[in-house]
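Colleague: my_file.cif is reproduced in full below (mmCIF, C-alpha atoms).
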data_query
#
loop_
_atom_site.label_atom_id
_atom_site.label_comp_id
_atom_site.auth_asym_id
_atom_site.auth_seq_id
_atom_site.Cartn_x
_atom_site.Cartn_y
_atom_site.Cartn_z
CA MET A 1 -161.29 13.91 -100.65
CA LEU A 2 -164.67 12.16 -100.83
CA PRO A 3 -167.16 13.48 -103.43
CA GLY A 4 -169.57 16.11 -102.00
CA ARG A 5 -167.49 16.87 -98.91
CA GLY A 6 -165.65 19.99 -100.17
CA ARG A 7 -168.44 22.54 -99.76
CA ASP A 8 -169.48 21.18 -96.34
CA ASP A 9 -165.89 21.33 -95.16
CA ARG A 10 -165.56 24.95 -96.30
CA THR A 11 -168.83 25.86 -94.57
CA ALA A 12 -167.67 24.22 -91.34
CA ARG A 13 -164.39 26.15 -91.48
CA LEU A 14 -166.00 29.53 -92.28
CA PRO A 15 -166.84 30.58 -88.69
CA ARG A 16 -163.15 30.10 -87.81
CA VAL A 17 -162.07 32.23 -90.76
CA VAL A 18 -164.59 35.09 -90.58
CA GLY A 19 -165.96 36.40 -87.31
CA THR A 20 -166.65 39.44 -85.15
CA ARG A 21 -164.50 40.77 -82.35
CA THR A 22 -165.46 43.43 -79.82
CA ALA A 23 -162.80 45.75 -78.40
CA TRP A 24 -163.91 46.94 -74.95
CA THR A 25 -162.87 50.26 -73.41
CA PRO A 26 -163.44 51.02 -69.68
CA ILE A 27 -165.41 54.22 -69.10
CA GLY A 28 -166.20 53.92 -65.38
CA ASP A 29 -166.20 51.67 -62.35
CA GLY A 30 -167.87 51.18 -59.01
CA GLU A 31 -169.59 48.59 -56.85
CA PHE A 32 -172.74 46.67 -57.73
CA PHE A 33 -174.71 43.59 -56.80
CA CYS A 34 -173.54 40.87 -59.18
CA PRO A 35 -176.29 38.32 -59.94
CA GLY A 36 -173.65 35.85 -61.06
CA CYS A 37 -171.66 36.00 -57.83
CA GLY A 38 -174.69 36.64 -55.64
CA GLY A 39 -173.06 39.49 -53.72
CA ASP A 40 -171.52 42.95 -53.86
CA ARG A 41 -168.60 43.16 -56.30
CA ASN A 42 -166.54 45.77 -58.10
CA TYR A 43 -167.39 46.40 -61.74
CA GLN A 44 -166.12 48.15 -64.83
CA ARG A 45 -168.49 49.89 -67.21
CA LEU A 46 -167.39 49.17 -70.76
CA THR A 47 -168.14 50.54 -74.19
CA GLY A 48 -167.30 48.40 -77.19
CA ARG A 49 -166.56 48.66 -80.89
CA ARG A 50 -167.20 45.61 -83.08
CA ARG A 51 -164.99 44.73 -86.03
CA LEU A 52 -165.23 42.05 -88.67
CA THR A 53 -162.25 39.69 -88.45
CA VAL A 54 -160.66 37.45 -91.05
CA LEU A 55 -158.37 34.77 -89.69
CA GLY A 56 -158.55 36.59 -86.36
CA VAL A 57 -157.36 39.92 -87.82
CA PRO A 58 -159.76 42.93 -87.48
CA VAL A 59 -160.45 44.33 -90.95
CA LEU A 60 -163.76 46.28 -91.00
CA PRO A 61 -165.72 48.22 -88.36
CA ARG A 62 -169.17 46.80 -87.56
CA GLY A 63 -170.51 49.55 -85.24
CA GLU A 64 -170.67 50.03 -81.49
CA SER A 65 -171.85 47.55 -78.90
CA ALA A 66 -174.29 48.53 -76.16
CA PRO A 67 -172.56 49.66 -72.94
CA THR A 68 -171.86 46.69 -70.69
CA VAL A 69 -171.11 46.13 -67.02
CA GLU A 70 -168.35 43.60 -66.33
CA CYS A 71 -167.94 42.00 -62.90
CA ALA A 72 -164.35 42.21 -61.69
CA ALA A 73 -164.70 38.83 -59.96
CA CYS A 74 -166.59 36.47 -62.31
CA ARG A 75 -166.06 38.53 -65.52
CA GLY A 76 -169.75 38.18 -66.31
CA HIS A 77 -171.25 40.82 -68.59
CA TYR A 78 -174.60 42.46 -67.81
CA GLY A 79 -176.73 45.27 -69.17
CA THR A 80 -176.30 48.65 -67.53
CA GLU A 81 -179.80 48.36 -65.99
CA ILE A 82 -178.19 46.07 -63.41
CA LEU A 83 -176.79 49.21 -61.78
CA ASP A 84 -180.34 50.26 -60.85
CA HIS A 85 -180.36 47.51 -58.22
CA PRO A 86 -178.87 48.56 -54.88
CA THR A 87 -175.89 46.75 -53.42
CA THR A 88 -176.47 44.64 -50.33
CA THR A 89 -174.89 47.36 -48.21
CA ARG A 90 -177.01 50.09 -49.78
CA PHE A 91 -180.19 48.01 -49.51
CA SER A 92 -179.58 47.42 -45.79
CA ALA A 93 -179.11 51.16 -45.25
CA MET A 94 -182.30 51.95 -47.21
CA LEU A 95 -184.28 49.45 -45.13
CA ARG A 96 -182.84 50.81 -41.87
CA ASP A 97 -183.68 54.40 -42.84
CA ALA A 98 -187.18 53.39 -43.91
CA VAL A 99 -188.04 51.81 -40.55
CA HIS A 100 -186.54 54.79 -38.71
CA THR A 101 -188.58 57.28 -40.74
CA VAL A 102 -191.81 55.29 -40.33
CA ALA A 103 -191.26 55.09 -36.57
CA LEU A 104 -190.75 58.86 -36.34
CA ALA A 105 -193.84 59.53 -38.46
CA VAL A 106 -196.05 57.34 -36.28
CA LEU A 107 -194.65 58.76 -33.04
CA THR A 108 -195.10 62.28 -34.36
CA ALA A 109 -198.72 61.46 -35.18
CA GLY A 110 -199.47 59.88 -31.80
CA GLY A 111 -197.20 61.85 -29.52
CA THR A 112 -194.37 60.65 -27.28
CA SER A 113 -196.17 60.64 -23.94
CA SER A 114 -196.57 56.87 -24.06
CA ARG A 115 -193.50 55.03 -22.85
CA THR A 116 -194.84 51.81 -24.39
CA ALA A 117 -195.02 53.34 -27.86
CA LEU A 118 -191.50 54.75 -27.53
CA GLU A 119 -190.14 51.40 -26.38
CA THR A 120 -191.86 49.57 -29.26
CA ALA A 121 -190.46 52.07 -31.74
CA ALA A 122 -186.94 51.89 -30.30
CA VAL A 123 -186.94 48.08 -30.47
CA ALA A 124 -188.03 48.19 -34.12
CA VAL A 125 -185.42 50.78 -35.07
CA ARG A 126 -182.63 48.88 -33.30
CA ALA A 127 -183.66 45.66 -35.06
CA ALA A 128 -183.49 47.51 -38.40
CA GLY A 129 -179.85 48.47 -37.81
CA PHE A 130 -179.67 51.57 -35.58
CA GLU A 131 -178.24 49.64 -32.66
CA ASP A 132 -177.71 52.71 -30.46
CA CYS A 133 -181.29 53.98 -30.78
CA THR A 134 -182.98 54.80 -27.47
CA GLU A 135 -186.41 55.99 -26.40
CA GLU A 136 -184.90 59.30 -25.34
CA ARG A 137 -183.26 59.83 -28.72
CA LEU A 138 -186.50 59.10 -30.57
CA SER A 139 -188.42 61.46 -28.32
CA ALA A 140 -185.89 64.24 -28.98
CA LEU A 141 -186.14 63.64 -32.75
CA VAL A 142 -189.94 63.84 -32.63
CA GLU A 143 -189.73 67.12 -30.74
CA ALA A 144 -187.33 68.43 -33.39
CA VAL A 145 -189.72 67.38 -36.18
CA GLU A 146 -192.62 69.12 -34.44
CA ALA A 147 -190.59 72.27 -33.94
CA ASP A 148 -189.42 72.24 -37.57
CA THR A 149 -192.89 71.72 -39.05
CA GLY A 150 -194.91 73.64 -36.47
CA ARG A 151 -196.99 70.52 -36.04
CA ILE A 152 -198.56 69.28 -32.82
CA HIS A 153 -199.43 65.63 -32.32
CA GLY A 154 -202.94 64.67 -33.25
CA GLU A 155 -202.86 66.58 -36.54
CA PRO A 156 -202.90 64.77 -39.91
CA CYS A 157 -199.61 63.91 -41.61
CA VAL A 158 -198.25 67.30 -42.66
CA PRO A 159 -196.68 67.80 -46.12
CA GLY A 160 -193.10 67.95 -44.81
CA LEU A 161 -193.44 64.63 -42.99
CA ALA A 162 -195.19 63.03 -45.96
CA ILE A 163 -192.31 64.14 -48.19
CA GLU A 164 -189.80 62.53 -45.82
CA LEU A 165 -191.75 59.28 -45.89
CA HIS A 166 -191.81 59.25 -49.68
CA GLU A 167 -188.09 60.10 -49.86
CA ALA A 168 -187.27 57.13 -47.62
CA LEU A 169 -189.77 54.63 -49.05
CA ASP A 170 -190.12 55.42 -52.76
CA PRO A 171 -186.57 54.23 -53.71
CA LEU A 172 -186.96 51.11 -51.57
CA ALA A 173 -190.40 49.90 -52.66
CA PRO A 174 -189.40 48.58 -56.15
CA HIS A 175 -186.78 46.31 -54.58
CA LEU A 176 -189.08 44.75 -51.97
CA ALA A 177 -191.55 41.96 -52.55
CA ALA A 178 -195.07 42.53 -51.20
CA PRO A 179 -194.39 40.72 -47.87
CA GLY A 180 -191.41 43.00 -47.25
CA ARG A 181 -193.41 46.16 -47.93
CA GLU A 182 -196.22 44.88 -45.74
CA SER A 183 -193.75 44.17 -42.94
CA ILE A 184 -192.66 47.83 -42.85
CA LEU A 185 -196.27 48.99 -42.66
CA LEU A 186 -197.01 46.49 -39.89
CA THR A 187 -194.01 47.77 -37.94
CA GLY A 188 -195.58 51.22 -37.97
CA ALA A 189 -198.96 49.74 -37.04
CA ARG A 190 -197.51 47.97 -33.99
CA ILE A 191 -195.94 51.21 -32.79
CA ALA A 192 -199.26 53.01 -33.18
CA LEU A 193 -201.16 50.27 -31.34
CA ALA A 194 -198.68 50.01 -28.48
CA ASP A 195 -200.62 52.58 -26.43
CA GLY A 196 -204.15 51.83 -27.64
CA PRO A 197 -206.31 51.98 -30.78
CA TYR A 198 -205.25 54.02 -33.78
CA THR A 199 -205.89 57.73 -33.62
CA PRO A 200 -207.06 59.47 -36.81
CA ALA A 201 -203.62 61.07 -37.16
CA GLU A 202 -201.89 57.68 -36.83
CA ARG A 203 -204.18 56.18 -39.47
CA ASP A 204 -203.38 59.11 -41.75
CA ALA A 205 -199.63 58.61 -41.27
CA LEU A 206 -199.91 54.86 -41.87
CA ALA A 207 -201.99 55.46 -45.01
CA THR A 208 -199.17 57.67 -46.28
CA VAL A 209 -196.69 54.89 -45.49
CA GLY A 210 -198.80 52.39 -47.41
CA ALA A 211 -199.08 54.69 -50.43
CA ALA A 212 -195.31 55.28 -50.49
CA LEU A 213 -194.80 51.51 -50.38
CA THR A 214 -197.18 51.16 -53.37
CA LEU A 215 -199.58 49.03 -51.36
CA PRO A 216 -203.21 49.16 -52.56
CA SER A 217 -205.48 51.03 -50.14
CA ALA A 218 -207.56 47.88 -49.61
CA ASP A 219 -204.43 46.00 -48.51
CA VAL A 220 -203.46 48.86 -46.19
CA SER A 221 -206.88 48.70 -44.50
CA ARG A 222 -206.67 44.91 -44.22
CA LEU A 223 -203.19 45.03 -42.69
CA LEU A 224 -204.06 47.75 -40.20
CA HIS A 225 -207.10 45.76 -39.14
CA SER A 226 -205.13 42.53 -38.79
CA ALA A 227 -202.45 44.25 -36.72
CA GLY A 228 -205.10 45.31 -34.21
CA THR A 229 -206.76 41.89 -34.06
CA PRO A 230 -205.41 39.49 -31.40
CA SER A 231 -204.07 36.29 -32.97
#
As structure tokens - that is how I would like this structure written.

Modeller:
Amino acid sequence: MLPGRGRDDRTARLPRVVGTRTAWTPIGDGEFFCPGCGGDRNYQRLTGRRRLTVLGVPVLPRGESAPTVECAACRGHYGTEILDHPTTTRFSAMLRDAVHTVALAVLTAGGTSSRTALETAAVAVRAAGFEDCTEERLSALVEAVEADTGRIHGEPCVPGLAIELHEALDPLAPHLAAPGRESILLTGARIALADGPYTPAERDALATVGAALTLPSADVSRLLHSAGTPS
């Protein structure tokens, strides 16, 4: 052995002699959007206990590890906050429901006497994922909303309808970039403008949509103005 090499050699070997091992225990499973795979995958939720090892043999407990989510496909480990993000399937359903609810709110505000507004709304709802949506079905739903709330068209957005908008849009807004949130508002604006300028009730409904999408009021005003300005 060369002089001065002994201690360095022992230091280099130490990580292979002493280490830490985590024993994982599954405590749940489900489906999530895996950022590693870039798609919906199954996962296991794991809890772990760390132990000090000597020559690979566990000898002393070192406490618990933070709960972890393991992808069943790529075996990547992620913090449990990853489960707050919707799966692709769930996100599509949330987006579809959001457009449907916005369309109903705007039609309820402006009435269903305009065939053009109904057609514009039905096209938007079908494009969002309700492929069997028709003008007649939307009209019937608006009548049901009016009967349930006691509201007649032309009145401001009533509390029950505002609650439905927030229930559909609040969970979606954090997962949409600003252009996506603006697109939903503009969809409602196009429905409202299909039969003429905004009515006060339509503006009120669209302002509620903008608030639920966490869009600043100045941006809501700008977008509603731009939607009514010929390009």

Colleague: Might you spell out which residues the PyMOL selection byres ((chain A and resi 78-81) around 6) would select in the displayed file, as a list in words?

Modeller: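 This file gives the following for the PyMOL selection byres ((chain A and resi 78-81) around 6): Thr68, Val69, His77, Ile82, Leu83 and Asp84 of chain A.
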
Colleague: Compile a residue-level contact table for stretch 76-118 of chain A against stretch 195-219 of chain A at a cut-off of 9 Å, reporting for every qualifying residue the shortest atom pair and its distance in Å to one decimal, with only C-alpha atoms counted, rows ordered by chain and ascending number, as CSV.

Modeller:
residue,atom,partner,partner_atom,distance
A:Val102,CA,A:Val209,CA,7.1
A:Ala105,CA,A:Ala205,CA,6.5
A:Val106,CA,A:Glu202,CA,5.9
A:Leu107,CA,A:Glu202,CA,8.2
A:Thr108,CA,A:Glu202,CA,8.6
A:Ala109,CA,A:Glu202,CA,5.2
A:Gly110,CA,A:Glu202,CA,6.0
A:Ser114,CA,A:Asp195,CA,6.4
A:Arg115,CA,A:Asp195,CA,8.3
A:Thr116,CA,A:Asp195,CA,6.2
A:Ala117,CA,A:Asp195,CA,5.8

Colleague: Measuring between all atoms listed in the file, which one of A:Thr87, A:Ser65, A:Ser92, A:Thr187 shows the shortest distance to A:Ala122?

Modeller: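 Answer, going by the shortest atom-to-atom distance: A:Thr187.
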
Colleague: Taking the file as shown, find all residues satisfying the PyMOL selection byres ((chain A and resi 127) around 12) and write them as a compact mmCIF listing (two decimals) with C-alpha atoms, in the frame of the given file.

Modeller:
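Listed below is the output, part.txt:
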# COMPACT_ATOMS: atom_id res chain seq x y z
CA SER A 92 -179.58 47.42 -45.79
CA LEU A 95 -184.28 49.45 -45.13
CA ARG A 96 -182.84 50.81 -41.87
CA ASP A 97 -183.68 54.40 -42.84
CA VAL A 99 -188.04 51.81 -40.55
CA HIS A 100 -186.54 54.79 -38.71
CA THR A 120 -191.86 49.57 -29.26
CA ALA A 121 -190.46 52.07 -31.74
CA ALA A 122 -186.94 51.89 -30.30
CA VAL A 123 -186.94 48.08 -30.47
CA ALA A 124 -188.03 48.19 -34.12
CA VAL A 125 -185.42 50.78 -35.07
CA ARG A 126 -182.63 48.88 -33.30
CA ALA A 128 -183.49 47.51 -38.40
CA GLY A 129 -179.85 48.47 -37.81
CA PHE A 130 -179.67 51.57 -35.58
CA GLU A 131 -178.24 49.64 -32.66
CA ASP A 132 -177.71 52.71 -30.46
CA CYS A 133 -181.29 53.98 -30.78
CA THR A 134 -182.98 54.80 -27.47
CA THR A 187 -194.01 47.77 -37.94

Colleague: Hey, could you make a per-residue contact list for stretch 88-164 of chain A against stretch 23-35 of chain A with 12 Å as the cut-off, showing the nearest pair of atoms and its distance in Å to one decimal, counting all atoms listed in the file, sorted by chain and number, as CSV?

Modeller:
residue,atom,partner,partner_atom,distance
A:Thr88,CA,A:Phe33,CA,6.8
A:Thr89,CA,A:Phe33,CA,9.4
A:Arg90,CA,A:Phe32,CA,9.7
A:Phe91,CA,A:Phe33,CA,10.1

Colleague: Exactly which residues make up the result of the PyMOL selection byres ((chain A and resi 71) around 8) on this file, given as an NGL selection string?

Modeller: :A and (34 or 41-44 or 69-70 or 72-77)

Colleague: Just want the 9 Å neighbourhood of A:Gly228, counted on only C-alpha atoms, with same-chain residues fewer than 2 positions away dropped. Output as an MDAnalysis selection string.

Modeller: chainID A and resid 189:190 193 197:198 223:226 230

Colleague: Between A:Pro86, A:Ala66, A:Ala140, A:Met94, which has the minimum distance to A:Gly111 (counting only C-alpha atoms)?

Modeller: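 Among the listed residues, the smallest separation from A:Gly111 belongs to A:Ala140.
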
Colleague: What is the distance between atom CA of A:Pro174 and atom CA of A:Arg222, in Å to one decimal?

Modeller: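 Here the two named atoms are 21.3 Å from each other.
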
Colleague: For the atom pair atom CA of A:Ile184 and atom CA of A:Ala162, what is the interatomic distance in Å to one decimal place?

Modeller: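 Computed distance, atom CA of A:Ile184 to atom CA of A:Ala162, equals 15.7 Å.
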